[in-house]
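Trainee: So here's start-v2.cif, just mmCIF, C-alpha atoms and all ligand atoms:
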```cif
data_run
#
loop_
_atom_site.group_PDB
_atom_site.id
_atom_site.type_symbol
_atom_site.label_atom_id
_atom_site.label_comp_id
_atom_site.auth_asym_id
_atom_site.auth_seq_id
_atom_site.Cartn_x
_atom_site.Cartn_y
_atom_site.Cartn_z
ATOM 1 C CA MET R 25 97.563 138.367 120.096
ATOM 2 C CA LEU R 26 96.356 138.338 116.508
ATOM 3 C CA GLY R 27 92.823 139.576 117.253
ATOM 4 C CA ARG R 28 94.095 142.697 118.964
ATOM 5 C CA ASP R 29 96.590 143.502 116.210
ATOM 6 C CA PHE R 30 94.043 142.834 113.484
ATOM 7 C CA ALA R 31 91.512 145.182 115.108
ATOM 8 C CA ARG R 32 94.183 147.868 115.357
ATOM 9 C CA ALA R 33 95.371 147.419 111.754
ATOM 10 C CA ALA R 34 91.839 147.377 110.318
ATOM 11 C CA ALA R 35 90.923 150.561 112.201
ATOM 12 C CA TYR R 36 94.141 152.181 110.972
ATOM 13 C CA TRP R 37 93.102 151.414 107.386
ATOM 14 C CA ASN R 38 89.719 153.063 108.010
ATOM 15 C CA HIS R 39 87.600 149.984 108.437
ATOM 16 C CA GLU R 40 84.825 150.229 110.969
ATOM 17 C CA VAL R 41 85.771 147.579 113.526
ATOM 18 C CA VAL R 42 83.711 145.769 116.132
ATOM 19 C CA ALA R 43 86.282 143.922 118.259
ATOM 20 C CA LEU R 44 84.771 141.361 120.589
ATOM 21 C CA THR R 45 86.625 139.695 123.447
ATOM 22 C CA HIS R 46 85.931 136.242 124.832
ATOM 23 C CA ALA R 47 83.889 137.945 127.588
ATOM 24 C CA ASP R 48 81.788 139.689 124.915
ATOM 25 C CA LEU R 49 81.097 136.591 122.835
ATOM 26 C CA ASP R 50 81.643 132.868 123.354
ATOM 27 C CA ILE R 51 81.977 131.247 119.935
ATOM 28 C CA MET R 52 80.802 127.933 121.408
ATOM 29 C CA ASP R 53 77.362 129.569 121.734
ATOM 30 C CA ALA R 54 75.904 129.275 118.210
ATOM 31 C CA GLU R 55 72.890 131.425 119.047
ATOM 32 C CA ALA R 56 75.023 134.241 120.482
ATOM 33 C CA VAL R 57 77.328 134.175 117.444
ATOM 34 C CA TRP R 58 74.335 134.360 115.128
ATOM 35 C CA ARG R 59 72.836 137.269 117.117
ATOM 36 C CA ALA R 60 76.149 139.178 117.034
ATOM 37 C CA CYS R 61 76.421 138.746 113.250
ATOM 38 C CA VAL R 62 72.854 139.898 112.658
ATOM 39 C CA ARG R 63 73.274 142.817 115.071
ATOM 40 C CA GLU R 64 76.501 144.126 113.542
ATOM 41 C CA ALA R 65 75.839 143.078 109.906
ATOM 42 C CA PRO R 66 79.549 143.081 109.043
ATOM 43 C CA GLU R 67 81.061 142.653 105.596
ATOM 44 C CA VAL R 68 83.882 140.526 106.981
ATOM 45 C CA VAL R 69 84.172 138.373 110.097
ATOM 46 C CA VAL R 70 87.656 137.538 111.365
ATOM 47 C CA ASN R 71 87.673 134.585 113.744
ATOM 48 C CA CYS R 72 90.782 135.032 115.887
ATOM 49 C CA ALA R 73 89.261 133.036 118.766
ATOM 50 C CA ALA R 74 90.909 129.676 119.245
ATOM 51 C CA TYR R 75 92.053 126.999 121.636
ATOM 52 C CA THR R 76 95.789 127.635 121.242
ATOM 53 C CA ASP R 77 97.306 125.584 124.078
ATOM 54 C CA VAL R 78 99.059 123.022 121.874
ATOM 55 C CA ASP R 79 100.215 120.753 124.715
ATOM 56 C CA GLY R 80 97.018 121.194 126.743
ATOM 57 C CA ALA R 81 94.921 120.049 123.777
ATOM 58 C CA GLU R 82 96.524 116.593 123.844
ATOM 59 C CA ASP R 83 94.429 115.790 126.948
ATOM 60 C CA ASP R 84 91.460 117.911 125.964
ATOM 61 C CA LEU R 85 90.185 116.836 122.560
ATOM 62 C CA VAL R 86 86.631 117.750 123.545
ATOM 63 C CA GLY R 87 87.533 121.270 124.689
ATOM 64 C CA ALA R 88 89.726 121.973 121.660
ATOM 65 C CA THR R 89 87.041 120.628 119.309
ATOM 66 C CA ARG R 90 84.323 122.783 120.825
ATOM 67 C CA ILE R 91 86.313 125.941 120.046
ATOM 68 C CA ASN R 92 88.463 125.134 116.990
ATOM 69 C CA VAL R 93 85.876 123.053 115.136
ATOM 70 C CA GLU R 94 82.374 123.784 116.415
ATOM 71 C CA GLY R 95 83.147 127.420 117.233
ATOM 72 C CA ALA R 96 84.720 127.846 113.799
ATOM 73 C CA ARG R 97 81.550 126.475 112.202
ATOM 74 C CA HIS R 98 79.314 128.827 114.218
ATOM 75 C CA VAL R 99 81.337 131.882 113.216
ATOM 76 C CA ALA R 100 81.558 130.899 109.536
ATOM 77 C CA LEU R 101 77.798 130.199 109.440
ATOM 78 C CA GLY R 102 76.995 133.472 111.208
ATOM 79 C CA ALA R 103 79.077 135.338 108.645
ATOM 80 C CA ALA R 104 77.397 133.479 105.765
ATOM 81 C CA GLU R 105 73.985 134.330 107.204
ATOM 82 C CA VAL R 106 74.632 138.056 106.707
ATOM 83 C CA GLY R 107 76.597 137.704 103.450
ATOM 84 C CA ALA R 108 79.953 138.407 105.091
ATOM 85 C CA SER R 109 83.211 136.728 104.192
ATOM 86 C CA ILE R 110 85.076 134.797 106.881
ATOM 87 C CA VAL R 111 88.753 134.820 107.808
ATOM 88 C CA PHE R 112 89.959 131.728 109.664
ATOM 89 C CA PRO R 113 93.582 131.908 110.808
ATOM 90 C CA SER R 114 95.131 128.458 110.803
ATOM 91 C CA THR R 115 98.481 126.905 111.441
ATOM 92 C CA ASP R 116 101.546 125.125 110.069
ATOM 93 C CA TYR R 117 100.695 122.387 112.589
ATOM 94 C CA VAL R 118 98.143 121.006 110.087
ATOM 95 C CA PHE R 119 101.228 119.486 108.386
ATOM 96 C CA ASP R 120 103.394 116.629 109.623
ATOM 97 C CA GLY R 121 106.638 118.428 108.740
ATOM 98 C CA LEU R 122 108.092 115.467 106.838
ATOM 99 C CA LYS R 123 107.927 116.923 103.314
ATOM 100 C CA GLY R 124 111.489 118.212 103.588
ATOM 101 C CA GLU R 125 110.710 121.427 101.752
ATOM 102 C CA PRO R 126 108.338 124.361 102.308
ATOM 103 C CA TYR R 127 104.610 123.627 102.290
ATOM 104 C CA VAL R 128 102.312 125.245 99.720
ATOM 105 C CA GLU R 129 98.548 125.667 99.956
ATOM 106 C CA SER R 130 97.637 122.538 97.974
ATOM 107 C CA ASP R 131 99.830 120.172 100.009
ATOM 108 C CA PRO R 132 97.781 117.523 101.808
ATOM 109 C CA THR R 133 97.395 118.103 105.528
ATOM 110 C CA ARG R 134 98.424 115.491 108.061
ATOM 111 C CA PRO R 135 98.402 116.952 111.573
ATOM 112 C CA LEU R 136 100.404 115.225 114.272
ATOM 113 C CA SER R 137 98.752 116.836 117.301
ATOM 114 C CA VAL R 138 95.213 117.245 118.613
ATOM 115 C CA TYR R 139 95.566 121.027 118.181
ATOM 116 C CA GLY R 140 96.629 120.537 114.546
ATOM 117 C CA GLN R 141 93.774 118.067 113.942
ATOM 118 C CA THR R 142 91.179 120.440 115.348
ATOM 119 C CA LYS R 143 92.511 123.356 113.308
ATOM 120 C CA ALA R 144 92.483 121.240 110.116
ATOM 121 C CA THR R 145 88.882 120.217 110.820
ATOM 122 C CA GLY R 146 88.061 123.855 111.643
ATOM 123 C CA GLU R 147 89.398 124.803 108.197
ATOM 124 C CA ALA R 148 87.084 122.256 106.563
ATOM 125 C CA GLU R 149 84.084 123.386 108.637
ATOM 126 C CA THR R 150 84.767 127.015 107.749
ATOM 127 C CA ALA R 151 85.032 126.270 104.028
ATOM 128 C CA ALA R 152 81.872 124.150 104.093
ATOM 129 C CA ALA R 153 79.855 126.792 105.947
ATOM 130 C CA ASN R 154 80.831 129.865 103.947
ATOM 131 C CA GLN R 155 81.975 129.959 100.313
ATOM 132 C CA ARG R 156 83.567 133.365 100.861
ATOM 133 C CA TYR R 157 86.348 132.039 103.069
ATOM 134 C CA PHE R 158 89.953 133.035 103.603
ATOM 135 C CA ILE R 159 91.849 130.307 105.442
ATOM 136 C CA VAL R 160 95.171 131.874 106.357
ATOM 137 C CA ARG R 161 97.817 129.484 107.645
ATOM 138 C CA SER R 162 100.569 131.154 109.574
ATOM 139 C CA SER R 163 103.133 130.016 112.130
ATOM 140 C CA TRP R 164 105.086 130.682 115.326
ATOM 141 C CA LEU R 165 103.207 133.905 116.165
ATOM 142 C CA PHE R 166 104.585 136.538 118.493
ATOM 143 C CA GLY R 167 103.081 139.914 119.364
ATOM 144 C CA THR R 168 101.759 142.000 122.198
ATOM 145 C CA GLY R 169 99.002 140.782 124.451
ATOM 146 C CA GLY R 170 99.719 137.091 124.564
ATOM 147 C CA ARG R 171 102.044 134.402 125.793
ATOM 148 C CA ASN R 172 104.672 133.862 123.149
ATOM 149 C CA PHE R 173 108.154 132.453 122.633
ATOM 150 C CA VAL R 174 109.889 135.847 122.607
ATOM 151 C CA GLU R 175 108.460 136.750 126.021
ATOM 152 C CA THR R 176 109.344 133.315 127.390
ATOM 153 C CA MET R 177 112.953 133.632 126.183
ATOM 154 C CA LEU R 178 113.350 137.189 127.504
ATOM 155 C CA ALA R 179 112.000 136.158 130.922
ATOM 156 C CA LEU R 180 114.179 133.026 131.089
ATOM 157 C CA GLY R 181 117.229 134.931 129.859
ATOM 158 C CA GLN R 182 116.828 137.666 132.445
ATOM 159 C CA ASP R 183 116.111 135.251 135.316
ATOM 160 C CA GLN R 184 118.531 132.458 134.552
ATOM 161 C CA GLY R 185 121.290 133.638 132.230
ATOM 162 C CA ASP R 186 121.161 130.361 130.318
ATOM 163 C CA VAL R 187 118.507 128.539 128.323
ATOM 164 C CA VAL R 188 118.124 125.279 126.430
ATOM 165 C CA VAL R 189 116.109 125.371 123.206
ATOM 166 C CA VAL R 190 115.053 122.841 120.586
ATOM 167 C CA ARG R 191 117.167 122.777 117.416
ATOM 168 C CA ASP R 192 115.338 120.213 115.264
ATOM 169 C CA GLN R 193 112.076 122.050 114.618
ATOM 170 C CA VAL R 194 112.271 124.595 111.815
ATOM 171 C CA GLY R 195 109.573 127.101 110.903
ATOM 172 C CA CYS R 196 108.753 130.753 110.181
ATOM 173 C CA PRO R 197 108.391 133.083 113.178
ATOM 174 C CA THR R 198 105.689 135.634 112.408
ATOM 175 C CA TYR R 199 105.046 139.025 113.993
ATOM 176 C CA THR R 200 101.289 139.396 114.513
ATOM 177 C CA ALA R 201 101.329 143.079 113.488
ATOM 178 C CA HIS R 202 102.806 142.080 110.105
ATOM 179 C CA LEU R 203 100.252 139.291 109.696
ATOM 180 C CA ALA R 204 97.425 141.645 110.717
ATOM 181 C CA ASP R 205 98.397 144.133 107.982
ATOM 182 C CA ALA R 206 98.413 141.283 105.474
ATOM 183 C CA LEU R 207 94.930 140.195 106.567
ATOM 184 C CA VAL R 208 93.639 143.733 106.090
ATOM 185 C CA ARG R 209 95.006 143.675 102.540
ATOM 186 C CA LEU R 210 93.550 140.238 101.905
ATOM 187 C CA ILE R 211 89.983 141.071 102.945
ATOM 188 C CA ASP R 212 89.875 143.796 100.308
ATOM 189 C CA THR R 213 90.345 141.147 97.617
ATOM 190 C CA SER R 214 88.164 138.287 96.443
ATOM 191 C CA ALA R 215 91.037 135.797 96.576
ATOM 192 C CA PHE R 216 89.010 133.280 98.531
ATOM 193 C CA GLY R 217 90.570 129.972 99.518
ATOM 194 C CA ILE R 218 93.669 128.921 101.423
ATOM 195 C CA HIS R 219 96.639 131.258 101.875
ATOM 196 C CA HIS R 220 100.028 130.682 103.454
ATOM 197 C CA ILE R 221 101.248 133.936 105.030
ATOM 198 C CA ALA R 222 104.169 133.815 107.460
ATOM 199 C CA GLY R 223 107.327 135.715 108.301
ATOM 200 C CA GLY R 224 109.966 135.546 105.568
ATOM 201 C CA GLY R 225 112.938 133.194 105.967
ATOM 202 C CA GLU R 226 113.139 130.212 108.290
ATOM 203 C CA CYS R 227 114.933 129.132 111.461
ATOM 204 C CA SER R 228 114.915 126.639 114.298
ATOM 205 C CA TRP R 229 113.619 127.605 117.749
ATOM 206 C CA TYR R 230 117.289 127.557 118.818
ATOM 207 C CA GLU R 231 118.259 130.068 116.123
ATOM 208 C CA PHE R 232 115.208 132.146 116.974
ATOM 209 C CA ALA R 233 116.283 132.277 120.645
ATOM 210 C CA GLN R 234 119.840 133.277 119.699
ATOM 211 C CA GLU R 235 118.509 136.139 117.573
ATOM 212 C CA ILE R 236 116.171 137.291 120.361
ATOM 213 C CA PHE R 237 119.097 137.578 122.788
ATOM 214 C CA ARG R 238 121.298 139.242 120.170
ATOM 215 C CA GLN R 239 118.705 141.891 119.319
ATOM 216 C CA ALA R 240 117.774 142.422 122.987
ATOM 217 C CA ASN R 241 121.470 142.785 123.928
ATOM 218 C CA LEU R 242 121.193 140.052 126.542
ATOM 219 C CA GLU R 243 124.173 137.891 127.489
ATOM 220 C CA VAL R 244 122.581 134.465 127.656
ATOM 221 C CA ARG R 245 124.247 131.096 127.262
ATOM 222 C CA THR R 246 122.001 129.372 124.685
ATOM 223 C CA MET R 247 122.227 125.608 124.452
ATOM 224 C CA SER R 248 120.312 123.318 122.142
ATOM 225 C CA MET R 249 118.522 120.014 122.560
ATOM 226 C CA THR R 250 116.411 117.731 120.399
ATOM 227 C CA THR R 251 112.630 117.429 120.403
ATOM 228 C CA ALA R 252 112.994 113.894 121.774
ATOM 229 C CA GLU R 253 115.085 115.179 124.695
ATOM 230 C CA LEU R 254 112.527 117.884 125.514
ATOM 231 C CA SER R 255 109.627 115.402 125.468
ATOM 232 C CA ARG R 256 106.560 117.646 125.386
ATOM 233 C CA PRO R 257 103.016 116.200 125.286
ATOM 234 C CA ALA R 258 102.141 117.310 121.733
ATOM 235 C CA PRO R 259 104.177 116.075 118.749
ATOM 236 C CA ARG R 260 105.304 118.924 116.513
ATOM 237 C CA PRO R 261 106.333 118.990 112.842
ATOM 238 C CA PRO R 262 110.123 118.998 112.355
ATOM 239 C CA TYR R 263 110.047 121.228 109.245
ATOM 240 C CA SER R 264 106.888 123.285 108.747
ATOM 241 C CA VAL R 265 108.121 126.252 106.732
ATOM 242 C CA LEU R 266 105.204 127.820 104.846
ATOM 243 C CA SER R 267 105.554 128.943 101.265
ATOM 244 C CA THR R 268 102.958 129.937 98.695
ATOM 245 C CA GLU R 269 102.029 128.872 95.198
ATOM 246 C CA ARG R 270 99.708 131.858 94.696
ATOM 247 C CA THR R 271 100.606 134.206 91.856
ATOM 248 C CA GLU R 272 99.347 137.284 93.718
ATOM 249 C CA ALA R 273 100.677 136.262 97.095
ATOM 250 C CA ILE R 274 101.126 138.566 100.060
ATOM 251 C CA TYR R 275 104.649 138.324 101.505
ATOM 252 C CA LEU R 276 105.679 139.418 104.983
ATOM 253 C CA PRO R 277 109.024 140.943 105.997
ATOM 254 C CA ASP R 278 111.688 138.513 107.221
ATOM 255 C CA TRP R 279 111.192 137.175 110.720
ATOM 256 C CA GLN R 280 114.288 139.030 112.004
ATOM 257 C CA GLU R 281 112.651 142.299 110.943
ATOM 258 C CA GLY R 282 109.420 141.226 112.633
ATOM 259 C CA LEU R 283 111.370 140.538 115.811
ATOM 260 C CA ALA R 284 113.056 143.959 115.678
ATOM 261 C CA SER R 285 109.673 145.658 115.243
ATOM 262 C CA TYR R 286 108.201 143.684 118.121
ATOM 263 C CA LEU R 287 111.077 144.523 120.466
ATOM 264 C CA ALA R 288 110.702 148.192 119.521
ATOM 265 C CA GLU R 289 106.947 148.008 120.123
ATOM 266 C CA ARG R 290 107.533 146.477 123.576
ATOM 267 C CA THR R 291 109.993 149.225 124.487
ATOM 268 C CA GLU R 292 107.652 151.984 123.330
ATOM 269 C CA GLY R 293 104.802 150.354 125.303
ATOM 270 C CA ALA R 294 106.952 150.228 128.433
ATOM 271 C CA VAL R 295 107.876 153.896 128.020
ATOM 272 C CA THR R 296 104.307 155.117 127.569
ATOM 273 C CA ARG R 297 102.774 152.924 130.311
HETATM 274 N N1 LIG E 301 100.137 131.367 118.436
HETATM 275 C C1 LIG E 301 100.685 130.794 117.361
HETATM 276 O O1 LIG E 301 101.899 130.523 117.319
HETATM 277 C C2 LIG E 301 99.839 130.468 116.155
HETATM 278 C C3 LIG E 301 100.446 129.922 115.030
HETATM 279 C C4 LIG E 301 99.679 129.671 113.892
HETATM 280 C C5 LIG E 301 98.333 129.959 113.900
HETATM 281 N N2 LIG E 301 97.757 130.470 115.013
HETATM 282 C C6 LIG E 301 96.315 130.745 114.956
HETATM 283 O O2 LIG E 301 96.151 132.153 114.946
HETATM 284 C C7 LIG E 301 94.958 132.501 115.651
HETATM 285 C C8 LIG E 301 95.280 133.513 116.724
HETATM 286 O O3 LIG E 301 96.236 132.947 117.602
HETATM 287 P P1 LIG E 301 96.803 133.759 118.838
HETATM 288 O O4 LIG E 301 98.093 133.133 119.194
HETATM 289 O O5 LIG E 301 96.671 135.209 118.572
HETATM 290 O O6 LIG E 301 95.735 133.329 119.953
HETATM 291 P P2 LIG E 301 95.645 133.745 121.476
HETATM 292 O O7 LIG E 301 96.529 134.900 121.778
HETATM 293 O O8 LIG E 301 95.775 132.487 122.282
HETATM 294 O O9 LIG E 301 94.148 134.261 121.538
HETATM 295 C C9 LIG E 301 93.078 133.383 121.394
HETATM 296 C C10 LIG E 301 91.879 134.132 121.899
HETATM 297 O O10 LIG E 301 90.714 133.304 121.750
HETATM 298 C C11 LIG E 301 89.910 133.522 122.885
HETATM 299 N N3 LIG E 301 88.977 132.422 123.041
HETATM 300 C C12 LIG E 301 89.233 131.159 123.441
HETATM 301 N N4 LIG E 301 88.092 130.458 123.485
HETATM 302 C C13 LIG E 301 87.101 131.279 123.076
HETATM 303 C C14 LIG E 301 85.705 131.138 122.912
HETATM 304 N N5 LIG E 301 85.075 129.990 123.176
HETATM 305 N N6 LIG E 301 84.989 132.206 122.490
HETATM 306 C C15 LIG E 301 85.591 133.387 122.248
HETATM 307 N N7 LIG E 301 86.910 133.594 122.389
HETATM 308 C C16 LIG E 301 87.653 132.539 122.798
HETATM 309 C C17 LIG E 301 90.897 133.627 124.013
HETATM 310 O O11 LIG E 301 90.297 134.246 125.125
HETATM 311 P P3 LIG E 301 90.687 133.725 126.618
HETATM 312 O O12 LIG E 301 92.166 133.849 126.713
HETATM 313 O O13 LIG E 301 89.920 134.638 127.478
HETATM 314 O O14 LIG E 301 90.222 132.319 126.652
HETATM 315 C C18 LIG E 301 91.962 134.511 123.378
HETATM 316 O O15 LIG E 301 91.617 135.867 123.519
HETATM 317 C C19 LIG E 301 94.381 131.188 116.147
HETATM 318 O O16 LIG E 301 93.418 130.743 115.223
HETATM 319 C C20 LIG E 301 95.548 130.242 116.151
HETATM 320 O O17 LIG E 301 95.122 128.906 115.987
HETATM 321 C C21 LIG E 301 98.468 130.745 116.134
#
```
As structure tokens, please, write out the structure in this file.
Ligand SMILES: NC(=O)c1ccc[n+]([C@@H]2O[C@H](COP(=O)([O-])OP(=O)(O)OC[C@H]3O[C@@H](n4cnc5c(N)ncnc54)[C@H](OP(=O)(O)O)[C@@H]3O)[C@@H](O)[C@H]2O)c1

Mentor:
Amino acid sequence: MLGRDFARAAAYWNHEVVALTHADLDIMDAEAVWRACVREAPEVVVNCAAYTDVDGAEDDLVGATRINVEGARHVALGAAEVGASIVFPSTDYVFDGLKGEPYVESDPTRPLSVYGQTKATGEAETAAANQRYFIVRSSWLFGTGGRNFVETMLALGQDQGDVVVVRDQVGCPTYTAHLADALVRLIDTSAFGIHHIAGGGECSWYEFAQEIFRQANLEVRTMSMTTAELSRPAPRPPYSVLSTERTEAIYLPDWQEGLASYLAERTEGAVTR
């Protein structure tokens, strides 16, 4: 999701973009990553490749580590080799969600899940491999070209007419096109370090689902449950709202606006296809 939107946004802002898919480059292959960096000699490398199956990672520490930790190191080192900066998107799941108020960049990480652990270690590997790093923590991404919560809700709502959604996890839904624009702005600065950039406002998954159905004009009976009742493999933070302590921070539009833009983008895509 994010890789595609970033490539589009960077091209729109007149950057020369080399967008590589998984088929083009496997970040687990250190040699291939190095060759790609030397071949393209970029000024910035944006590592949107990741093991993002949060529940699947619980039983696959080795697989998640190879991509989110070792792969992250390869890409950051490859970028450093050619003097490029590195962007490493990361996640609110590096936090345990027990702080009770929004997380800022300097808050200590304490991931609950294997996915969160591997992303936190990937952050450290990235920072150690390349001084010119932007670690950008974001959350609850939705956008075109990937499995996401909005698509899941729309499909369930259309098929079933009622859904049950978790009410005791609160975060910041983020539209990948908004995040991609922010990343394009960020790479033109030298504000290296950790950044929290997520959709404005906050909500529970339950509130997010209600807003999806409202904006999509779908009549869906939306019921709520607790995380304990849902019982998914990976533990998730109960309150992982991201805030920033940076003076020159980049803020995104509110998540409701991101949702409206995404729904409009989907409709336009369906019309032109
Ligand atoms: N999704 C979220 O809610 C969320 C929230 C916070 C942060 N993030 C972070 O934001 C970034 C982008 O997330 P996303 O949701 O846009 O991810 P995504 O849609 O799942 O895309 C991840 C991409 O990585 C590719 N990939 C996996 N293993 C690879 C490898 N070894 N070499 C090269 N490519 C590989 C995948 O290709 P295949 O599908 O072909 O394997 C896929 O195209 C990630 O760093 C993620 O951790 C995501």

Trainee: Report the centre and edge lengths, in Å to one decimal, of an axis-aligned box enclosing every atom of ligand LIG 301 (chain E) listed in the file, padded by 3 Å on each side, as AutoDock Vina command-line options.

Mentor:
```
--center_x 93.4 --center_y 132.4 --center_z 120.7 --size_x 22.9 --size_y 13.0 --size_z 19.6
```

Trainee: Enter the distance from CA of Val128 (chain R) to CA of Ala215 (chain R), in Å, rounded to one decimal.

Mentor: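 These two atoms are separated by 15.8 Å.
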
Trainee: Between R:Arg97, R:Arg191, R:Arg209, R:Arg161, which one has atoms that come closest to Glu149 (chain R), using all atoms listed in the file?

Mentor: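 Selected residue with least distance to Glu149 (chain R): R:Arg97.
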
Trainee: Report as a list in words the full result of the PyMOL selection byres (((chain R and resi 243) around 10) and not hetatm) when it is applied to this structure.

Mentor: Gly181, Gln182, Gly185, Asp186, Phe237, Arg238, Ala240, Asn241, Leu242, Val244, Arg245 and Thr246 of chain R

Trainee: What are the nearest atom pairs, with distances in Å to one decimal, for all residues of region 89-192 of chain R that come at most 12 Å from region 275-286 of chain R, using only C-alpha atoms, set out by chain and rising residue number as CSV?

Mentor:
```
residue,atom,partner,partner_atom,distance
R:Ser162,CA,R:Leu276,CA,10.7
R:Ser163,CA,R:Trp279,CA,10.9
R:Trp164,CA,R:Trp279,CA,10.0
R:Leu165,CA,R:Trp279,CA,10.2
R:Phe166,CA,R:Tyr286,CA,8.0
R:Gly167,CA,R:Tyr286,CA,6.5
R:Thr168,CA,R:Tyr286,CA,7.8
R:Gly169,CA,R:Tyr286,CA,11.5
R:Asn172,CA,R:Tyr286,CA,11.6
R:Phe173,CA,R:Leu283,CA,11.1
R:Val174,CA,R:Leu283,CA,8.4
R:Glu175,CA,R:Tyr286,CA,10.5
```

Trainee: Pull the closest atom pair for each residue of chain R that gets at most 6 Å from ligand LIG 301 (chain E), along with the distance in Å to one decimal, counting only C-alpha atoms and all ligand atoms, ordering rows by chain and then ascending residue number, as JSON lines.

Mentor:
```
{"residue": "R:Met25", "atom": "CA", "partner": "E:LIG301", "partner_atom": "O5", "distance": 3.6}
{"residue": "R:Leu26", "atom": "CA", "partner": "E:LIG301", "partner_atom": "O5", "distance": 3.8}
{"residue": "R:Gly27", "atom": "CA", "partner": "E:LIG301", "partner_atom": "O5", "distance": 6.0}
{"residue": "R:His46", "atom": "CA", "partner": "E:LIG301", "partner_atom": "N7", "distance": 3.7}
{"residue": "R:Leu49", "atom": "CA", "partner": "E:LIG301", "partner_atom": "C15", "distance": 5.6}
{"residue": "R:Asp50", "atom": "CA", "partner": "E:LIG301", "partner_atom": "N6", "distance": 3.5}
{"residue": "R:Ile51", "atom": "CA", "partner": "E:LIG301", "partner_atom": "N6", "distance": 4.1}
{"residue": "R:Met52", "atom": "CA", "partner": "E:LIG301", "partner_atom": "N5", "distance": 5.1}
{"residue": "R:Cys72", "atom": "CA", "partner": "E:LIG301", "partner_atom": "C8", "distance": 4.8}
{"residue": "R:Ala73", "atom": "CA", "partner": "E:LIG301", "partner_atom": "O10", "distance": 3.3}
{"residue": "R:Ala74", "atom": "CA", "partner": "E:LIG301", "partner_atom": "O10", "distance": 4.4}
{"residue": "R:Tyr75", "atom": "CA", "partner": "E:LIG301", "partner_atom": "C12", "distance": 5.3}
{"residue": "R:Thr76", "atom": "CA", "partner": "E:LIG301", "partner_atom": "O8", "distance": 5.0}
{"residue": "R:Ile91", "atom": "CA", "partner": "E:LIG301", "partner_atom": "N5", "distance": 5.3}
{"residue": "R:Pro113", "atom": "CA", "partner": "E:LIG301", "partner_atom": "O16", "distance": 4.6}
{"residue": "R:Ser114", "atom": "CA", "partner": "E:LIG301", "partner_atom": "C5", "distance": 4.7}
{"residue": "R:Thr115", "atom": "CA", "partner": "E:LIG301", "partner_atom": "C4", "distance": 3.9}
{"residue": "R:Ser162", "atom": "CA", "partner": "E:LIG301", "partner_atom": "C4", "distance": 4.7}
{"residue": "R:Ser163", "atom": "CA", "partner": "E:LIG301", "partner_atom": "C4", "distance": 3.9}
{"residue": "R:Trp164", "atom": "CA", "partner": "E:LIG301", "partner_atom": "O1", "distance": 3.8}
{"residue": "R:Leu165", "atom": "CA", "partner": "E:LIG301", "partner_atom": "O1", "distance": 3.8}
{"residue": "R:Gly170", "atom": "CA", "partner": "E:LIG301", "partner_atom": "O7", "distance": 4.8}
```

Trainee: Do you know which residues the PyMOL selection byres (((chain R and resi 157) around 7) and not hetatm) returns on this file, as a list of chain:residue names?

Mentor: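 Applying the PyMOL selection byres (((chain R and resi 157) around 7) and not hetatm) to the structure shown produces R:Ser109, R:Ile110, R:Val111, R:Ala151, R:Asn154, R:Gln155, R:Arg156, R:Phe158, R:Ile159, R:Phe216, R:Gly217.
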
Trainee: Which value, in Å to one decimal, gives the distance between CA of Ala104 (chain R) and CA of Thr89 (chain R)?

Mentor: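 So the two atoms, CA of Ala104 (chain R) and CA of Thr89 (chain R), lie 21.0 Å apart.
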
Trainee: Once the PyMOL selection byres (((chain R and resi 124) around 12) and not hetatm) has been evaluated on this model, what residues remain selected, and can you format them as a ChimeraX atom specification?

Mentor: /R:119-123,125-127,193-195,261-266

Trainee: Counting all atoms listed in the file, figure out which residue out of R:Glu292, R:Glu226, R:Asp48, R:Asp116 gets nearest to Tyr139 (chain R).

Mentor: R:Asp116

Trainee: Using only C-alpha atoms - which residues lie no farther than 10 Å from the point (77.0, 129.5, 114.3) in the file's frame? Write them as a list in words.

Mentor: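 Neighbouring residues, ordered by chain and number, come to Ile51, Met52, Asp53, Ala54, Glu55, Ala56, Val57, Trp58, Arg59, Cys61, Glu94, Gly95, Ala96, Arg97, His98, Val99, Ala100, Leu101, Gly102, Ala103, Ala104, Glu105 and Ala153 of chain R.
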
Trainee: Output C-alpha atoms of each residue in that selection to a file, as a compact mmCIF listing (two decimals), keeping the file's coordinate frame.

Mentor:
```
# COMPACT_ATOMS: atom_id res chain seq x y z
CA ILE R 51 81.98 131.25 119.94
CA MET R 52 80.80 127.93 121.41
CA ASP R 53 77.36 129.57 121.73
CA ALA R 54 75.90 129.28 118.21
CA GLU R 55 72.89 131.43 119.05
CA ALA R 56 75.02 134.24 120.48
CA VAL R 57 77.33 134.18 117.44
CA TRP R 58 74.33 134.36 115.13
CA ARG R 59 72.84 137.27 117.12
CA CYS R 61 76.42 138.75 113.25
CA GLU R 94 82.37 123.78 116.42
CA GLY R 95 83.15 127.42 117.23
CA ALA R 96 84.72 127.85 113.80
CA ARG R 97 81.55 126.48 112.20
CA HIS R 98 79.31 128.83 114.22
CA VAL R 99 81.34 131.88 113.22
CA ALA R 100 81.56 130.90 109.54
CA LEU R 101 77.80 130.20 109.44
CA GLY R 102 77.00 133.47 111.21
CA ALA R 103 79.08 135.34 108.64
CA ALA R 104 77.40 133.48 105.76
CA GLU R 105 73.98 134.33 107.20
CA ALA R 153 79.86 126.79 105.95
```

Trainee: Determine the nearest neighbour of Arg290 (chain R) from the options R:Ala108, R:Leu178, R:Val160, R:Val62, counting all atoms listed in the file.

Mentor: R:Leu178

Trainee: Go through R:Leu136, R:Val93, R:Asp77, R:Glu272 one by one, measure the shortest atom-to-atom distance of each to Ala152 (chain R) using all atoms listed in the file, and give the residue with the smallest value.

Mentor: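 Closest candidate: R:Val93.
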
Trainee: Quick one: of R:Pro66, R:Pro257, R:Gly223, R:Gly140, who's nearest to Ala43 (chain R), counting all atoms listed in the file?

Mentor: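 For Ala43 (chain R), the nearest of the given residues is R:Pro66.
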